[in-house]
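Structure file target-v6.cif (mmCIF, C-alpha atoms and all ligand atoms) follows.
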```
data_coords
#
loop_
_atom_site.label_atom_id
_atom_site.label_comp_id
_atom_site.auth_asym_id
_atom_site.auth_seq_id
_atom_site.Cartn_x
_atom_site.Cartn_y
_atom_site.Cartn_z
CA MET A 1 -7.67 25.15 -4.77
CA GLN A 2 -5.69 22.37 -6.51
CA TRP A 3 -4.67 19.05 -5.00
CA LYS A 4 -2.44 16.63 -6.88
CA ASN A 5 -0.79 13.34 -6.12
CA TRP A 6 2.91 12.47 -6.18
CA SER A 7 3.07 11.89 -9.94
CA GLY A 8 0.67 14.70 -10.86
CA ARG A 9 -1.53 12.23 -12.72
CA GLN A 10 -4.32 12.52 -10.13
CA GLN A 11 -5.55 16.09 -9.73
CA ALA A 12 -8.56 17.74 -8.14
CA SER A 13 -10.00 21.24 -8.03
CA VAL A 14 -11.21 21.22 -4.47
CA GLU A 15 -13.52 23.67 -2.68
CA SER A 16 -11.55 23.42 0.60
CA LEU A 17 -8.14 21.94 1.27
CA VAL A 18 -7.93 21.83 5.06
CA PHE A 19 -4.73 21.27 7.06
CA VAL A 20 -5.56 19.78 10.47
CA ARG A 21 -3.08 19.65 13.33
CA SER A 22 -5.23 18.29 16.16
CA GLU A 23 -8.01 15.77 16.69
CA ALA A 24 -10.29 18.52 17.93
CA ASP A 25 -9.81 20.47 14.71
CA ALA A 26 -10.25 17.35 12.58
CA ALA A 27 -13.50 16.43 14.37
CA ALA A 28 -14.85 19.97 13.93
CA VAL A 29 -14.02 19.93 10.21
CA VAL A 30 -15.83 16.60 9.78
CA SER A 31 -18.95 17.75 11.69
CA GLN A 32 -19.18 21.08 9.92
CA SER A 33 -18.57 19.63 6.46
CA ALA A 34 -21.09 16.83 6.99
CA GLN A 35 -23.74 19.26 8.23
CA ALA A 36 -23.18 21.40 5.14
CA GLY A 37 -23.73 18.35 2.92
CA LYS A 38 -20.09 18.27 1.77
CA THR A 39 -18.01 15.17 1.10
CA ILE A 40 -14.60 14.59 2.64
CA ARG A 41 -11.51 12.68 1.59
CA VAL A 42 -8.41 12.50 3.74
CA ALA A 43 -5.03 12.93 2.04
CA GLY A 44 -1.93 11.14 3.24
CA ALA A 45 1.29 11.77 1.32
CA GLY A 46 -0.52 11.53 -2.03
CA HIS A 47 1.52 8.54 -3.18
CA SER A 48 -1.41 6.57 -4.58
CA HIS A 49 -1.77 6.20 -8.32
CA ALA A 50 -5.51 5.50 -8.05
CA PRO A 51 -8.13 8.27 -7.54
CA VAL A 52 -8.50 7.44 -3.85
CA VAL A 53 -8.01 11.00 -2.55
CA THR A 54 -9.38 13.24 -5.32
CA ASN A 55 -12.53 15.15 -4.40
CA ASP A 56 -14.14 18.41 -5.46
CA SER A 57 -15.63 19.21 -2.04
CA VAL A 58 -13.25 18.86 0.94
CA ILE A 59 -9.81 17.28 1.20
CA VAL A 60 -8.33 17.06 4.70
CA ASP A 61 -4.53 16.98 4.68
CA SER A 62 -3.55 14.74 7.61
CA SER A 63 0.20 15.42 7.62
CA GLY A 64 -0.12 17.62 10.72
CA LEU A 65 -1.36 14.74 12.88
CA THR A 66 2.05 13.40 13.79
CA GLY A 67 3.75 11.70 16.69
CA LEU A 68 4.44 8.50 18.53
CA LEU A 69 2.13 8.24 21.55
CA ASP A 70 1.98 5.40 24.08
CA VAL A 71 4.72 2.83 23.56
CA ASP A 72 4.42 -0.52 25.30
CA ILE A 73 7.86 -2.08 24.92
CA GLN A 74 6.84 -5.29 26.68
CA ALA A 75 3.82 -5.88 24.43
CA GLN A 76 5.68 -4.50 21.38
CA GLU A 77 2.81 -2.15 20.59
CA ALA A 78 2.46 1.60 20.16
CA TRP A 79 -0.22 4.18 19.38
CA VAL A 80 0.89 6.40 16.52
CA ARG A 81 -0.81 9.45 15.06
CA ALA A 82 -2.08 8.60 11.60
CA GLY A 83 -0.34 11.48 9.83
CA SER A 84 3.13 10.29 10.87
CA SER A 85 5.30 9.37 7.91
CA ILE A 86 6.87 5.94 7.91
CA TYR A 87 10.15 7.80 7.42
CA SER A 88 9.75 9.72 10.68
CA LEU A 89 8.53 6.70 12.63
CA GLY A 90 11.63 4.58 11.95
CA GLY A 91 13.98 6.46 14.23
CA GLN A 92 11.33 7.20 16.87
CA LEU A 93 10.42 3.52 17.24
CA HIS A 94 14.06 2.50 17.20
CA ASP A 95 14.69 4.74 20.21
CA HIS A 96 12.41 2.28 22.07
CA GLY A 97 14.12 -0.77 20.53
CA LEU A 98 11.15 -1.37 18.21
CA ALA A 99 10.41 -1.37 14.50
CA LEU A 100 7.55 -1.86 12.04
CA ARG A 101 7.21 -5.55 11.15
CA ASN A 102 7.69 -4.70 7.49
CA GLN A 103 7.39 -1.74 5.13
CA GLY A 104 7.33 -0.98 1.42
CA ASP A 105 9.90 0.12 -1.15
CA ILE A 106 9.69 3.73 -0.01
CA ASP A 107 8.99 5.33 3.37
CA ARG A 108 7.34 8.57 2.23
CA GLN A 109 3.78 7.35 2.90
CA LEU A 110 1.91 8.45 6.00
CA LEU A 111 0.85 5.57 8.21
CA GLY A 112 -2.86 6.39 7.70
CA GLY A 113 -2.40 6.28 3.93
CA ALA A 114 -0.32 3.11 4.00
CA ILE A 115 -2.86 1.11 6.00
CA ALA A 116 -5.78 2.41 3.92
CA THR A 117 -4.48 0.63 0.81
CA GLY A 118 -2.82 -2.48 2.25
CA THR A 119 0.70 -1.22 1.53
CA HIS A 120 3.23 -4.03 1.80
CA GLY A 121 6.87 -4.93 1.44
CA THR A 122 8.14 -8.39 0.62
CA GLY A 123 8.74 -11.63 2.54
CA ARG A 124 7.05 -15.01 2.43
CA ASN A 125 6.17 -14.77 6.14
CA LEU A 126 5.59 -11.03 6.26
CA GLN A 127 2.11 -9.52 6.03
CA ASN A 128 1.11 -6.08 4.79
CA ILE A 129 1.14 -3.04 7.09
CA SER A 130 -2.65 -3.10 7.68
CA ALA A 131 -2.28 -6.55 9.24
CA SER A 132 -0.19 -5.02 12.05
CA VAL A 133 -2.99 -2.67 13.08
CA THR A 134 -4.54 -3.68 16.42
CA GLY A 135 -6.60 -0.60 17.21
CA LEU A 136 -7.87 2.61 15.65
CA HIS A 137 -9.15 5.96 16.82
CA ILE A 138 -11.47 7.28 14.17
CA ILE A 139 -13.74 10.27 13.53
CA LEU A 140 -16.99 9.04 12.02
CA ALA A 141 -19.21 10.91 9.56
CA ASN A 142 -21.37 12.33 12.39
CA GLY A 143 -18.28 13.82 14.08
CA GLU A 144 -18.25 11.19 16.86
CA GLN A 145 -14.77 9.96 17.88
CA VAL A 146 -14.58 6.25 18.63
CA GLU A 147 -12.04 3.52 19.18
CA CYS A 148 -12.22 0.13 17.56
CA SER A 149 -10.27 -3.11 17.63
CA LYS A 150 -10.91 -6.85 17.18
CA SER A 151 -12.82 -6.79 20.49
CA GLU A 152 -14.36 -3.29 20.49
CA ARG A 153 -16.68 -2.41 17.57
CA PRO A 154 -15.12 -5.27 15.55
CA ASP A 155 -17.13 -4.57 12.37
CA LEU A 156 -15.96 -0.97 12.27
CA PHE A 157 -12.40 -2.15 12.92
CA GLU A 158 -12.68 -4.59 10.04
CA ILE A 159 -13.67 -1.98 7.47
CA ALA A 160 -11.38 0.73 8.85
CA ARG A 161 -8.11 -1.20 9.07
CA LEU A 162 -8.12 -1.30 5.27
CA SER A 163 -10.62 1.40 4.31
CA VAL A 164 -9.39 2.93 1.04
CA GLY A 165 -10.21 6.21 2.80
CA SER A 166 -13.96 5.55 2.92
CA ALA A 167 -14.67 4.69 6.57
CA GLY A 168 -13.86 7.92 8.40
CA LEU A 169 -10.93 10.09 9.39
CA ILE A 170 -8.42 7.94 11.28
CA THR A 171 -6.39 9.97 13.77
CA ARG A 172 -4.54 7.29 15.78
CA ILE A 173 -3.37 3.79 14.95
CA ARG A 174 -2.19 1.09 17.39
CA MET A 175 0.52 -0.97 15.72
CA ASN A 176 1.88 -4.37 16.56
CA LEU A 177 5.67 -4.03 16.29
CA GLN A 178 8.78 -6.14 16.59
CA GLU A 179 12.21 -5.79 18.10
CA SER A 180 14.52 -3.55 16.11
CA ALA A 181 17.00 -5.62 14.07
CA VAL A 182 20.02 -5.09 11.86
CA LEU A 183 19.43 -6.23 8.30
CA SER A 184 21.85 -6.89 5.47
CA GLU A 185 20.80 -6.20 1.90
CA GLN A 186 22.27 -7.76 -1.21
CA ILE A 187 21.55 -7.08 -4.86
CA ARG A 188 22.82 -9.01 -7.84
CA ILE A 189 21.97 -9.00 -11.52
CA ALA A 190 21.30 -12.20 -13.45
CA THR A 191 19.66 -13.16 -16.72
CA TYR A 192 16.01 -14.15 -16.51
CA ALA A 193 16.91 -17.62 -17.78
CA ASP A 194 19.41 -18.08 -14.95
CA THR A 195 17.01 -16.66 -12.36
CA VAL A 196 13.67 -18.27 -12.98
CA ASP A 197 14.44 -21.77 -11.66
CA GLN A 198 16.01 -20.37 -8.50
CA ILE A 199 13.06 -18.22 -7.48
CA PRO A 200 11.25 -20.75 -5.23
CA ASP A 201 14.51 -21.39 -3.33
CA LEU A 202 15.30 -17.68 -3.09
CA ILE A 203 11.83 -17.06 -1.62
CA ALA A 204 12.20 -19.95 0.83
CA GLU A 205 15.76 -19.17 1.94
CA ASN A 206 15.53 -15.42 2.50
CA ASP A 207 13.43 -13.37 4.91
CA ARG A 208 12.88 -10.85 2.15
CA PHE A 209 13.26 -11.49 -1.57
CA GLU A 210 12.21 -9.47 -4.59
CA PHE A 211 13.31 -8.91 -8.13
CA PHE A 212 12.89 -6.31 -10.83
CA TRP A 213 12.90 -7.73 -14.33
CA TYR A 214 14.03 -5.40 -17.14
CA PRO A 215 12.32 -6.17 -20.47
CA GLY A 216 15.06 -4.61 -22.66
CA SER A 217 17.97 -6.66 -21.31
CA ASP A 218 15.86 -9.61 -20.09
CA GLU A 219 17.82 -9.38 -16.83
CA ALA A 220 16.62 -9.50 -13.26
CA ASN A 221 17.85 -7.31 -10.44
CA ILE A 222 17.56 -9.67 -7.45
CA LYS A 223 17.38 -8.27 -3.94
CA THR A 224 17.57 -10.30 -0.72
CA ILE A 225 17.44 -8.91 2.82
CA ASN A 226 18.15 -10.90 5.98
CA PRO A 227 18.90 -10.20 9.66
CA VAL A 228 22.54 -10.25 10.72
CA ALA A 229 24.19 -10.29 14.12
CA THR A 230 26.51 -7.36 13.43
CA GLU A 231 26.60 -3.65 14.12
CA PRO A 232 25.22 -1.21 11.52
CA GLU A 233 27.76 0.08 9.04
CA TYR A 234 27.82 3.86 8.57
CA PRO A 235 27.84 5.80 6.40
CA LEU A 236 25.18 3.68 4.77
CA ALA A 237 26.41 1.93 1.65
CA GLU A 238 24.68 2.47 -1.68
CA GLU A 239 21.40 0.65 -2.14
CA GLY A 240 22.29 -2.99 -2.55
CA GLY A 241 24.95 -3.14 0.14
CA ARG A 242 23.38 -1.61 3.22
CA VAL A 243 23.87 -3.18 6.64
CA ALA A 244 21.85 -1.23 9.20
CA TRP A 245 18.61 -1.08 11.17
CA SER A 246 15.54 -2.20 9.24
CA TYR A 247 14.15 1.30 8.82
CA GLU A 248 17.44 2.35 7.21
CA VAL A 249 17.73 -0.63 4.85
CA LEU A 250 14.17 -1.26 3.64
CA PRO A 251 13.32 2.04 1.89
CA SER A 252 14.66 2.98 -1.52
CA HIS A 253 14.79 6.26 -3.36
CA ARG A 254 12.26 6.39 -6.23
CA PRO A 255 12.54 9.81 -7.86
CA HIS A 256 11.35 8.96 -11.40
CA LEU A 257 7.70 9.80 -11.90
CA HIS A 258 5.63 6.88 -13.11
CA THR A 259 2.26 5.21 -12.94
CA GLU A 260 1.94 1.69 -11.63
CA MET A 261 -0.43 -1.26 -11.79
CA GLU A 262 0.06 -4.06 -9.29
CA TYR A 263 -1.88 -7.25 -8.88
CA SER A 264 -1.64 -9.86 -6.13
CA VAL A 265 -2.07 -13.43 -7.32
CA PRO A 266 -2.15 -16.63 -5.23
CA ALA A 267 1.47 -17.54 -4.47
CA ALA A 268 1.24 -20.76 -6.49
CA ASN A 269 0.34 -18.74 -9.63
CA GLY A 270 3.16 -16.21 -9.29
CA LEU A 271 5.73 -17.63 -11.67
CA VAL A 272 3.36 -18.72 -14.40
CA CYS A 273 1.59 -15.35 -14.29
CA PHE A 274 4.92 -13.53 -14.42
CA ALA A 275 6.02 -15.64 -17.40
CA GLU A 276 2.87 -14.63 -19.27
CA ILE A 277 3.41 -10.94 -18.49
CA ARG A 278 6.98 -11.27 -19.79
CA GLN A 279 5.73 -12.84 -23.03
CA LEU A 280 3.05 -10.17 -23.37
CA ILE A 281 5.66 -7.41 -23.11
CA HIS A 282 8.02 -9.07 -25.57
CA ASN A 283 5.26 -9.82 -28.09
CA ARG A 284 2.96 -6.80 -27.88
CA PHE A 285 4.71 -4.03 -25.95
CA PRO A 286 8.41 -4.29 -26.94
CA ASP A 287 8.96 -0.57 -26.28
CA VAL A 288 8.25 -0.84 -22.55
CA GLN A 289 11.44 0.11 -20.70
CA TRP A 290 10.19 0.12 -17.12
CA PRO A 291 10.76 -2.99 -15.02
CA VAL A 292 8.30 -5.52 -13.64
CA GLU A 293 8.57 -6.11 -9.88
CA TYR A 294 7.96 -9.45 -8.14
CA ARG A 295 7.37 -9.72 -4.37
CA THR A 296 5.71 -12.00 -1.81
CA VAL A 297 3.22 -11.18 0.96
CA ALA A 298 1.88 -13.54 3.65
CA ALA A 299 -1.85 -14.19 4.02
CA ASP A 300 -4.00 -12.19 6.45
CA ASP A 301 -7.66 -12.07 7.55
CA ILE A 302 -8.64 -8.56 6.41
CA TRP A 303 -11.80 -8.40 4.27
CA LEU A 304 -10.41 -6.16 1.53
CA SER A 305 -6.74 -7.08 1.74
CA MET A 306 -5.07 -8.17 -1.48
CA ALA A 307 -3.61 -11.03 0.60
CA SER A 308 -6.88 -11.90 2.33
CA ASP A 309 -6.89 -15.63 3.11
CA ARG A 310 -4.03 -16.48 0.78
CA ASP A 311 -0.27 -16.28 0.53
CA THR A 312 0.43 -13.96 -2.32
CA VAL A 313 2.84 -12.95 -5.03
CA THR A 314 2.57 -9.32 -6.14
CA ILE A 315 3.53 -8.37 -9.69
CA SER A 316 3.83 -4.69 -10.59
CA VAL A 317 4.11 -3.08 -13.99
CA HIS A 318 5.22 0.52 -14.41
CA GLN A 319 5.16 3.16 -17.10
CA ASP A 320 6.73 6.59 -17.51
CA ILE A 321 4.32 9.34 -16.45
CA ARG A 322 4.68 11.02 -19.89
CA LEU A 323 3.41 7.94 -21.75
CA ASP A 324 -0.09 6.52 -22.17
CA GLU A 325 -0.06 3.44 -19.97
CA GLU A 326 -3.63 2.33 -20.61
CA PRO A 327 -3.32 -0.17 -23.51
CA TYR A 328 -0.36 -1.83 -21.77
CA TYR A 329 -2.03 -1.93 -18.34
CA ARG A 330 -5.34 -3.21 -19.73
CA ALA A 331 -3.55 -6.08 -21.45
CA CYS A 332 -1.66 -6.89 -18.23
CA GLU A 333 -4.87 -6.69 -16.21
CA GLU A 334 -6.45 -9.42 -18.38
CA VAL A 335 -3.53 -11.70 -17.57
CA PHE A 336 -3.59 -10.87 -13.86
CA LEU A 337 -7.32 -11.54 -13.62
CA ALA A 338 -6.93 -14.88 -15.39
CA TYR A 339 -4.59 -15.92 -12.54
CA GLY A 340 -6.95 -14.83 -9.77
CA GLY A 341 -5.41 -11.38 -9.31
CA ARG A 342 -6.55 -8.62 -6.96
CA PRO A 343 -5.45 -5.05 -7.68
CA HIS A 344 -3.50 -2.95 -5.19
CA TRP A 345 -5.90 -0.33 -3.81
CA GLY A 346 -3.40 2.48 -4.28
CA LYS A 347 -2.47 1.64 -7.86
CA VAL A 348 -4.10 1.67 -11.29
CA ASN A 349 -6.91 -0.75 -12.15
CA TYR A 350 -9.94 -0.67 -14.41
CA LEU A 351 -12.34 -2.76 -12.32
CA GLY A 352 -15.93 -2.01 -11.28
CA SER A 353 -18.05 -3.03 -8.33
CA ASP A 354 -19.14 -6.36 -9.84
CA ASP A 355 -15.51 -7.31 -10.47
CA PHE A 356 -14.62 -6.56 -6.86
CA ALA A 357 -17.61 -8.58 -5.67
CA ARG A 358 -16.21 -11.57 -7.57
CA ILE A 359 -12.71 -11.02 -6.14
CA TYR A 360 -13.64 -10.37 -2.52
CA PRO A 361 -16.17 -12.67 -0.76
CA ARG A 362 -16.78 -9.96 1.88
CA TRP A 363 -17.28 -7.07 -0.60
CA HIS A 364 -20.98 -6.61 0.22
CA ASP A 365 -20.35 -6.97 3.97
CA TRP A 366 -17.68 -4.30 3.78
CA TRP A 367 -20.09 -1.89 2.09
CA ARG A 368 -22.95 -2.76 4.46
CA VAL A 369 -20.83 -1.92 7.54
CA ARG A 370 -19.39 1.19 5.86
CA ASP A 371 -22.86 2.47 4.97
CA GLU A 372 -24.14 1.82 8.53
CA HIS A 373 -21.45 4.19 9.82
CA ASP A 374 -21.80 6.77 7.05
CA PRO A 375 -25.29 6.52 5.49
CA GLU A 376 -25.01 9.87 3.70
CA GLY A 377 -21.70 8.95 2.05
CA VAL A 378 -19.77 11.82 3.63
CA PHE A 379 -16.48 9.91 3.18
CA LEU A 380 -17.11 8.86 -0.44
CA ASN A 381 -15.62 10.54 -3.50
CA ASP A 382 -16.71 9.94 -7.12
CA TYR A 383 -14.42 6.93 -7.44
CA ALA A 384 -15.71 5.25 -4.27
CA ARG A 385 -19.35 6.05 -5.08
CA GLY A 386 -18.79 4.40 -8.46
CA LEU A 387 -17.78 1.19 -6.68
CA ARG A 388 -20.80 1.09 -4.35
CA PRO A 389 -22.85 -2.06 -5.06
CA ARG A 390 -26.27 -1.28 -6.56
C1 LIG A 401 7.20 5.68 -5.52
C2 LIG A 401 6.15 4.83 -4.87
C3 LIG A 401 6.52 3.65 -4.25
C4 LIG A 401 5.54 2.82 -3.66
N1 LIG A 401 5.93 1.66 -3.08
C5 LIG A 401 5.00 0.82 -2.56
C6 LIG A 401 5.37 -0.42 -1.98
O1 LIG A 401 6.54 -0.77 -1.88
N2 LIG A 401 4.38 -1.21 -1.52
C7 LIG A 401 3.06 -0.88 -1.62
O2 LIG A 401 2.21 -1.68 -1.21
N3 LIG A 401 2.69 0.29 -2.14
C8 LIG A 401 3.63 1.16 -2.60
N4 LIG A 401 3.25 2.36 -3.13
C9 LIG A 401 1.82 2.75 -3.01
C10 LIG A 401 1.59 3.50 -1.70
O3 LIG A 401 2.20 2.85 -0.61
C11 LIG A 401 0.09 3.55 -1.38
O4 LIG A 401 -0.60 4.10 -2.46
C12 LIG A 401 -0.19 4.32 -0.09
O5 LIG A 401 -1.57 4.31 0.15
C13 LIG A 401 0.27 5.77 -0.17
O6 LIG A 401 0.21 6.35 1.11
P1 LIG A 401 -0.05 7.91 1.24
O7 LIG A 401 0.25 8.33 2.64
O8 LIG A 401 0.59 8.64 0.14
O9 LIG A 401 -1.64 7.94 1.08
P2 LIG A 401 -2.60 8.67 -0.03
O10 LIG A 401 -2.18 8.20 -1.34
O11 LIG A 401 -2.51 10.13 0.24
O12 LIG A 401 -3.97 8.09 0.42
C14 LIG A 401 -4.26 6.74 0.25
C15 LIG A 401 -5.63 6.43 0.86
O13 LIG A 401 -5.54 6.57 2.27
C16 LIG A 401 -6.60 7.38 2.76
N5 LIG A 401 -6.12 8.03 3.97
C17 LIG A 401 -4.93 8.62 4.18
N6 LIG A 401 -4.82 9.03 5.47
C18 LIG A 401 -5.98 8.71 6.07
C19 LIG A 401 -6.51 8.89 7.39
N7 LIG A 401 -5.77 9.47 8.35
N8 LIG A 401 -7.75 8.47 7.65
C20 LIG A 401 -8.50 7.86 6.69
N9 LIG A 401 -8.06 7.67 5.42
C21 LIG A 401 -6.82 8.07 5.13
C22 LIG A 401 -6.85 8.34 1.60
O14 LIG A 401 -8.14 8.92 1.68
C23 LIG A 401 -6.72 7.40 0.42
O15 LIG A 401 -7.91 6.71 0.21
C24 LIG A 401 4.18 3.21 -3.70
C25 LIG A 401 3.81 4.41 -4.31
C26 LIG A 401 4.79 5.22 -4.90
C27 LIG A 401 4.37 6.49 -5.57
#
```
Could you rewrite the structure in this file as structure tokens?
Amino acid sequence: MQWKNWSGRQQASVESLVFVRSEADAAAVVSQSAQAGKTIRVAGAGHSHAPVVTNDSVIVDSSGLTGLLDVDIQAQEAWVRAGSSIYSLGGQLHDHGLALRNQGDIDRQLLGGAIATGTHGTGRNLQNISASVTGLHIILANGEQVECSKSERPDLFEIARLSVGSAGLITRIRMNLQESAVLSEQIRIATYADTVDQIPDLIAENDRFEFFWYPGSDEANIKTINPVATEPEYPLAEEGGRVAWSYEVLPSHRPHLHTEMEYSVPAANGLVCFAEIRQLIHNRFPDVQWPVEYRTVAADDIWLSMASDRDTVTISVHQDIRLDEEPYYRACEEVFLAYGGRPHWGKVNYLGSDDFARIYPRWHDWWRVRDEHDPEGVFLNDYARGLRPR
């Protein structure tokens, strides 16, 4: 049986690819696999560039665990099944007057996959999606089903709200939400020289700001998104001019297959780090056509979050799937690390356990709690085992 990710770059020959549609089935699969000494990884929508799903033993496809469960409009919270796509959730939440607090460039991810890697959008005051998680229902390696939150099994909650797939099979997620709002999106193109000095103001003055810089033309495609007190405009305009509910405006269409490396650096280092990446591309990789993306994410308190304890700028480099990205990405990684960077868990990096221990003060705590809940490593694949501290 073959499993492959969105780009096809990550592939696995897997003994069993299991499609679960209920918690009871998922729990039985976990128990039986664990008893047989097999290892399990859960697949979301397969949109990670890193080997976070690949496994040769068992892969559990979670896309059948869908649906919006209890919605508490007053508290702006809802339980959601982990296999729900962000795409499908938008309209369902909106029917209750609610929306995710933020989301990424695309909405094809499943919620379970998005929270496992700290998936984020942009906005100086907006945190990643994992930071909105207030409770989890999870199947542990011994088949037991438990709930966790900041007050109930807080250690398990801490490792599972950003787990990189290694804590257990998450079946339900309680999300902190916000009131549904109409947003207006604007895109304009400007030269890098004209853009760079405006960036701090653009970040400060807009709820959401990002830009893509194109190495060939040295131009930046600047996007801002802000709430407006108007009705949605249908049919939706082309990307760059949409005025509609947040779930209709925030996602983009990204059909071109690529790989991606993204690092989060402390917000104060964002521009100087970006300037060095730009120089690196011009000097050493002049053939790179794919853009560099620049976004902001607010600090959170999650042990393995790229924005843990610090406001962050994320800088992403991309390469065509048909090209060898490694020399380019390795050179970029050196720059990112020099500015205190942390790699996105769902994207390419070349770091080992010792590097992560330097980057994350709670790295060993995270592993200690994970191992307490899964001593046999049922939920570890080769990649995760390779990161286990010795
Ligand atoms: C075109 C494109 C655009 C992207 N845009 C953004 C962006 O704007 N912002 C951003 O931050 N990232 C972005 N990403 C990265 C993407 O959001 C993350 O890699 C995300 O994890 C993918 O979600 P998924 O559902 O595909 O999960 P997968 O890639 O299938 O899985 C990711 C991890 O989640 C685990 N997992 C999935 N479901 C469960 C579950 N139920 N229980 C336990 N573990 C689980 C898996 O085991 C794995 O470790 C983008 C990726 C692509 C390809």
Can you work out which residues are within 7 Å of ligand LIG 401 (chain A), considering all atoms listed in the file, and then hand them over as number ranges by chain?
A: 6, 41-49, 52-53, 62, 82-83, 104-106, 109-121, 163-171, 254, 346-347
With a distance cut-off of 12 Å and all atoms listed in the file, select the neighbouring residues of A:Pro255, excluding the residue or stretch itself and same-chain residues fewer than 2 positions from it, and output the selection as a PDB file with C-alpha atoms, in the frame of the given file.
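Heads up, here's the output in around.pdb:
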```pdb
ATOM      1  CA  TRP A   6       2.910  12.470  -6.180  1.00  0.00           C
ATOM      2  CA  SER A   7       3.070  11.890  -9.940  1.00  0.00           C
ATOM      3  CA  ILE A 106       9.690   3.730  -0.010  1.00  0.00           C
ATOM      4  CA  ARG A 108       7.340   8.570   2.230  1.00  0.00           C
ATOM      5  CA  SER A 252      14.660   2.980  -1.520  1.00  0.00           C
ATOM      6  CA  HIS A 253      14.790   6.260  -3.360  1.00  0.00           C
ATOM      7  CA  LEU A 257       7.700   9.800 -11.900  1.00  0.00           C
ATOM      8  CA  HIS A 258       5.630   6.880 -13.110  1.00  0.00           C
ATOM      9  CA  ASP A 320       6.730   6.590 -17.510  1.00  0.00           C
ATOM     10  CA  ILE A 321       4.320   9.340 -16.450  1.00  0.00           C
TER      11      ILE A 321
END
```
Selection near A:Glu219, 7 Å with all atoms listed in the file, sequence-local residues under 3 positions removed, as a PDB file with C-alpha atoms, in the frame of the given file:
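part_31.pdb written:
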```pdb
ATOM      1  CA  ILE A 189      21.970  -9.000 -11.520  1.00  0.00           C
ATOM      2  CA  ALA A 190      21.300 -12.200 -13.450  1.00  0.00           C
ATOM      3  CA  THR A 191      19.660 -13.160 -16.720  1.00  0.00           C
ATOM      4  CA  TYR A 192      16.010 -14.150 -16.510  1.00  0.00           C
ATOM      5  CA  TRP A 213      12.900  -7.730 -14.330  1.00  0.00           C
ATOM      6  CA  TYR A 214      14.030  -5.400 -17.140  1.00  0.00           C
TER       7      TYR A 214
END
```
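Distance annotation: of A:Ala160, A:Ile173, A:Ile129, A:Val313, the residue with the minimal separation from A:Ile203 is A:Val313; atom set is all atoms listed in the file.
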Report the distance between atom CA of A:Phe285 and atom CA of A:Ala338 in Å, rounded to one decimal place.
19.1 Å
Show me, as a tab-separated table, the residues of stretch 249-312 of chain A having an atom within 9 Å of stretch 354-371 of chain A, each with the closest atom pair and its distance in Å, using all atoms listed in the file.
```
residue	atom	partner	partner_atom	distance
A:Trp303	CA	A:Arg362	CA	5.7
A:Leu304	CA	A:Tyr360	CA	6.7
A:Ser305	CA	A:Tyr360	CA	8.8
A:Met306	CA	A:Tyr360	CA	8.9
A:Ser308	CA	A:Tyr360	CA	8.5
```
Measuring between only C-alpha atoms, which one of A:Ile302, A:Val288, A:Met261, A:Ala99 shows the shortest distance to A:Thr134?
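Going through A:Ile302, A:Val288, A:Met261, A:Ala99 one by one, the smallest distance to A:Thr134 is for A:Ile302.
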Would you work out the distance separating atom CA of A:Asp61 from atom CA of A:Ala131, expressed in Å to one decimal?
24.1 Å
